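Notes follow once the structure below has been shown.
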Amino acid sequence: ELVESLAGAHQLGRAQAARTFTAFRSAAGVALLSGQVPHGASQQDSPSCLLVPTAMPLASRPGSGPPAGSDITGWHEFAALVAFDRGVLAFAPSAVRRVLPRLAPTTGGTVVRAVVTGLPFQPPGSEQHKDSLVPDSIPVKVRLHSKQQGLDATVDGTVVDVDTVEFVSPQVCSSRFGKLAEQDKTTLAAQLSVSMDGGRTWTKDVARAGQAELWISPWPHAGPTHVEPACAPASGACAL
């Protein structure tokens with residue numbers, strides 16, 4: 001019955017059985033639970049009975065998560081899943097989920113923020129922050145790459161907020177990527193990866209890469225050439 005409920009909804013990758021429940025990991029990295037599952041923090045809370053495997057979101061500490069106003073939703077991808085009698089251990093690899101702003105010039109110099117899951121961060125003023133500036137000690141690297149257009153550029157980054165890395169977009173005019181953008185007067189997409197160990201390992205590229213891309217475009221060197229219409233009312237609200 002459990003396998004039938006998964007058919008057509010998830011491609012099963014791994015299953016772990018405990019005495020009172022079963023944990024599943026789909027091929028897409030989604031964790032699912034079925035059986036008697038505790039639904040409260042207290043030991044007196046009675047477990048709920050999940051007859052159908054139910055997707056399990058990644059829990060996070062209070063105050064964590066993407067910045068306010070972002071639309072990062074959906075399930076986190078789990079790399080491994082281990083079930084035991086008292087619970088489940090799930091391991092979620094870090095990944096770039098969003099880039100703001102999403103457009104930068106080929107000449108570089110734009111301050112960009114990337115939402116990356118699983119970053120260590122201590123807010124200023126906290127007790128731990130007084131002893132050690134954890135974000136300042138992390139050798140963050142941001143890599144912009146596009147195999148098809150021949151781009152592979154790496155710049156330094158900084159952890160500036162919960163799940164947020166800030167960096168300055170690189171100058172790519174001399175690369176094949178930049179020359180293609182200048183030649184065709186078009187905008188090209190570069191995939192973002194982030195490293196927390198100085199470039200030894202990188203975040204895994206997400207399946208839906210659209211939100212984890214920085215679009216790079218050639219901007220007019222001389223600035224705007226003209227504006228239409230040539231006049232506007234003092235009250236504003238005129239489309240230019």
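Residues in the structure tokens are named by chain (A, B, ... in the order shown) and by number from 1 within that chain; ligands are numbered from 1 in the order shown.
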
Q: Would you list, as a VMD selection string, the residues of stretch 72-178 of chain A that end up in strand (DSSP E or B) under DSSP run on this structure's backbone?
A: chain A and resid 80 to 84 87 to 91 96 to 100 103 to 105 111 to 116 141 to 146 151 to 161 164 to 168

Q.
Just want the 6 Å neighbourhood of A:Asp163, counted on only C-alpha atoms, with same-chain residues fewer than 6 positions away dropped. Output as a PyMOL selection string.
A. chain A and resi 115-117+119

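Of note, atom CA of A:Gln148 and atom CA of A:Pro105 are spaced 19.1 Å apart.
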
Q: Using only C-alpha atoms, find the one residue out of A:Gln191, A:Thr203, A:Ala28, A:Val227 that sits nearest to A:Arg102.
A: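 With only C-alpha atoms as the atom set, the closest residue is A:Gln191.
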
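The spacing separating atom CA of A:Leu240 from atom CA of A:Gly223 amounts to 15.7 Å.
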
Q. Hey, can you check how far atom CA of A:Lys179 sits from atom CA of A:Arg98?
A.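 Distance reported for this atom pair: 26.1 Å.
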
Q: Please identify all polymer residues within 8 Å of A:Ile138, counting only C-alpha atoms, omitting same-chain residues fewer than 5 positions from it, and present them as number ranges by chain.
A: A: 158-159, 196-197
